[in-house]
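Participant: Here it is, the structure in full.
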Amino acid sequence: MKTEHKLAETLREMMQETPLDEISVVTLTKKCRIYRQTFYYHFHDIYDLLTLVYLDERIKNLSYVKSLKDLVVVIYRYYEANTAFVEASLNSAGKDLFQEFIYNNCYTTILRLVNETKDNKRILSNDRKSIARFYALAYAHSIVYYLSVFKNKSLDGLLASFCFVKDSDLQKAVSNYIEFKGMPNDRF
């Protein structure tokens, strides 16, 4: 195993029991049995290493997601399986890295869902990406907000945050985009 990945795996394990802000480079390198200088050869600081952890991290079953509700369920299942690790990230300066991780997973999945809508070929790829970015930002922010703020977390509680959203909204967004693009420019 490469040194970088050994450090990343060890950091992830340590975060299961220790808040990220309490993990030092010294403790991490001792646990990995490497020199502290070796850590600094590869990384600037612990947060730089946490970036690698999130780049390597995967959420299971995203490829099976068929709806926006499924996306929320799969992300919540990831949270349940990794609660200590996620909480350690959320309660540190690493919160932004977790937010970006959730956004990237939402974006990839939502873009796939947009590309599966019946009218998706009627708009450009960049327009489909714009729709996916819009939804991914909203979903990622709402998910991270819920996980950060609410004390008694549950799947039902998280789903309630999205009770106003229907799975047909993605199809409607594509249809609205087609309608908007068809408008003459002099209307504005």
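Residue numbers start at 1 in each chain; chains themselves are named A, B, ... in the order of the structure tokens; ligands are numbered from 1 in the order shown.
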Run DSSP on the backbone and grab whatever in segment 4-169 of chain A lands in alpha helix (DSSP H); send it over as number ranges by chain.

Facilitator: A: 4-15, 25-32, 36-42, 46-56, 68-81, 83-90, 95-115, 125-149, 155-160, 168-169

Participant: Now that the selection is made, can you save its residues with C-alpha atoms as a short mmCIF file (atom, residue, chain, number, x, y, z; two decimals), in the first residue's frame?

Facilitator:
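To be explicit, this is the file written out as result-v1.cif:
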data_model
loop_
_atom_site.label_atom_id
_atom_site.label_comp_id
_atom_site.auth_asym_id
_atom_site.auth_seq_id
_atom_site.Cartn_x
_atom_site.Cartn_y
_atom_site.Cartn_z
CA GLU A 4 -0.42 8.26 1.13
CA HIS A 5 -3.17 5.67 1.25
CA LYS A 6 -1.81 4.10 4.43
CA LEU A 7 -1.98 7.54 6.07
CA ALA A 8 -5.48 8.13 4.68
CA GLU A 9 -6.77 4.79 5.93
CA THR A 10 -5.24 5.35 9.36
CA LEU A 11 -6.71 8.86 9.60
CA ARG A 12 -10.15 7.50 8.70
CA GLU A 13 -9.81 4.80 11.39
CA MET A 14 -8.65 7.31 13.99
CA MET A 15 -11.61 9.58 13.18
CA VAL A 25 0.48 14.58 12.65
CA VAL A 26 2.71 13.11 15.38
CA THR A 27 0.04 10.67 16.61
CA LEU A 28 -0.94 9.74 13.07
CA THR A 29 2.62 9.06 11.95
CA LYS A 30 3.38 7.04 15.10
CA LYS A 31 0.36 4.89 14.45
CA CYS A 32 1.49 4.39 10.82
CA ARG A 36 6.75 12.82 10.51
CA GLN A 37 8.83 14.24 7.66
CA THR A 38 7.38 11.55 5.40
CA PHE A 39 3.90 12.89 6.14
CA TYR A 40 4.98 16.41 5.18
CA TYR A 41 6.58 15.09 2.00
CA HIS A 42 3.10 14.02 0.86
CA ILE A 46 -4.21 16.87 8.24
CA TYR A 47 -6.90 18.57 6.11
CA ASP A 48 -4.84 17.98 3.00
CA LEU A 49 -4.82 14.29 3.94
CA LEU A 50 -8.56 14.37 4.63
CA THR A 51 -9.02 15.62 1.07
CA LEU A 52 -7.42 12.40 -0.15
CA VAL A 53 -9.68 10.38 2.15
CA TYR A 54 -12.75 11.96 0.56
CA LEU A 55 -11.35 11.58 -2.95
CA ASP A 56 -11.01 7.84 -2.30
CA LEU A 68 -34.17 11.86 -5.96
CA LYS A 69 -35.68 10.12 -2.93
CA ASP A 70 -33.42 7.10 -3.55
CA LEU A 71 -30.44 9.47 -3.60
CA VAL A 72 -31.31 10.85 -0.16
CA VAL A 73 -31.85 7.32 1.19
CA VAL A 74 -28.50 6.06 -0.13
CA ILE A 75 -26.63 9.05 1.30
CA TYR A 76 -28.34 8.61 4.66
CA ARG A 77 -27.37 4.90 4.64
CA TYR A 78 -23.77 6.01 4.04
CA TYR A 79 -24.08 8.33 7.05
CA GLU A 80 -25.45 5.50 9.21
CA ALA A 81 -22.57 3.21 8.24
CA THR A 83 -21.52 8.07 11.58
CA ALA A 84 -18.40 8.62 13.71
CA PHE A 85 -16.26 9.48 10.67
CA VAL A 86 -18.87 11.87 9.23
CA GLU A 87 -19.52 13.51 12.60
CA ALA A 88 -15.78 14.01 13.10
CA SER A 89 -15.67 15.76 9.73
CA LEU A 90 -18.78 17.85 10.38
CA LYS A 95 -16.85 20.11 7.10
CA ASP A 96 -16.29 21.77 3.73
CA LEU A 97 -14.56 18.63 2.45
CA PHE A 98 -17.56 16.54 3.47
CA GLN A 99 -19.91 19.05 1.84
CA GLU A 100 -17.91 18.84 -1.40
CA PHE A 101 -17.92 15.04 -1.21
CA ILE A 102 -21.72 14.99 -0.87
CA TYR A 103 -22.10 17.60 -3.63
CA ASN A 104 -19.93 15.58 -6.04
CA ASN A 105 -21.95 12.44 -5.39
CA CYS A 106 -25.24 14.31 -5.75
CA TYR A 107 -24.09 16.01 -8.96
CA THR A 108 -22.93 12.79 -10.62
CA THR A 109 -26.12 10.97 -9.70
CA ILE A 110 -28.50 13.81 -10.57
CA LEU A 111 -26.75 14.38 -13.90
CA ARG A 112 -27.32 10.71 -14.70
CA LEU A 113 -31.00 11.08 -13.73
CA VAL A 114 -31.33 14.21 -15.90
CA ASN A 115 -29.70 12.36 -18.79
CA SER A 125 -25.07 18.82 -22.46
CA ASN A 126 -24.05 22.04 -20.67
CA ASP A 127 -27.72 22.83 -20.03
CA ARG A 128 -28.26 19.37 -18.51
CA LYS A 129 -25.20 20.01 -16.35
CA SER A 130 -26.68 23.35 -15.22
CA ILE A 131 -29.84 21.60 -14.05
CA ALA A 132 -27.79 18.93 -12.27
CA ARG A 133 -25.62 21.58 -10.57
CA PHE A 134 -28.70 23.44 -9.35
CA TYR A 135 -30.27 20.34 -7.81
CA ALA A 136 -26.96 18.97 -6.50
CA LEU A 137 -26.18 22.22 -4.67
CA ALA A 138 -29.63 22.27 -3.10
CA TYR A 139 -29.55 18.60 -2.12
CA ALA A 140 -25.98 18.60 -0.83
CA HIS A 141 -26.53 21.74 1.23
CA SER A 142 -29.80 20.45 2.68
CA ILE A 143 -28.31 17.06 3.54
CA VAL A 144 -25.21 18.52 5.19
CA TYR A 145 -27.32 21.10 7.03
CA TYR A 146 -29.60 18.37 8.39
CA LEU A 147 -26.69 16.17 9.46
CA SER A 148 -24.90 19.15 11.06
CA VAL A 149 -27.78 20.74 12.94
CA LEU A 155 -34.05 8.86 7.57
CA ASP A 156 -37.63 10.07 7.98
CA GLY A 157 -36.39 13.38 9.35
CA LEU A 158 -34.04 13.87 6.43
CA LEU A 159 -36.70 12.88 3.90
CA ALA A 160 -39.06 15.40 5.50
CA SER A 168 -41.03 14.37 -11.70
CA ASP A 169 -39.34 17.73 -10.94
#

Participant: Find the distance between atom CA of Cys163 of chain A and atom CA of Lys66 of chain A and write it in Å to one decimal.

Facilitator: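 These two atoms are separated by 17.2 Å.
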
Participant: What is the atom CA of Asp21 of chain A to atom CA of Gly94 of chain A distance in Å?

Facilitator: 9.1 Å

Participant: From the list A:Ile34, A:Val165, A:Val65, A:Ala93, which residue is nearest Pro19 of chain A when using only C-alpha atoms?

Facilitator: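 With only C-alpha atoms as the atom set, the closest residue is A:Ala93.
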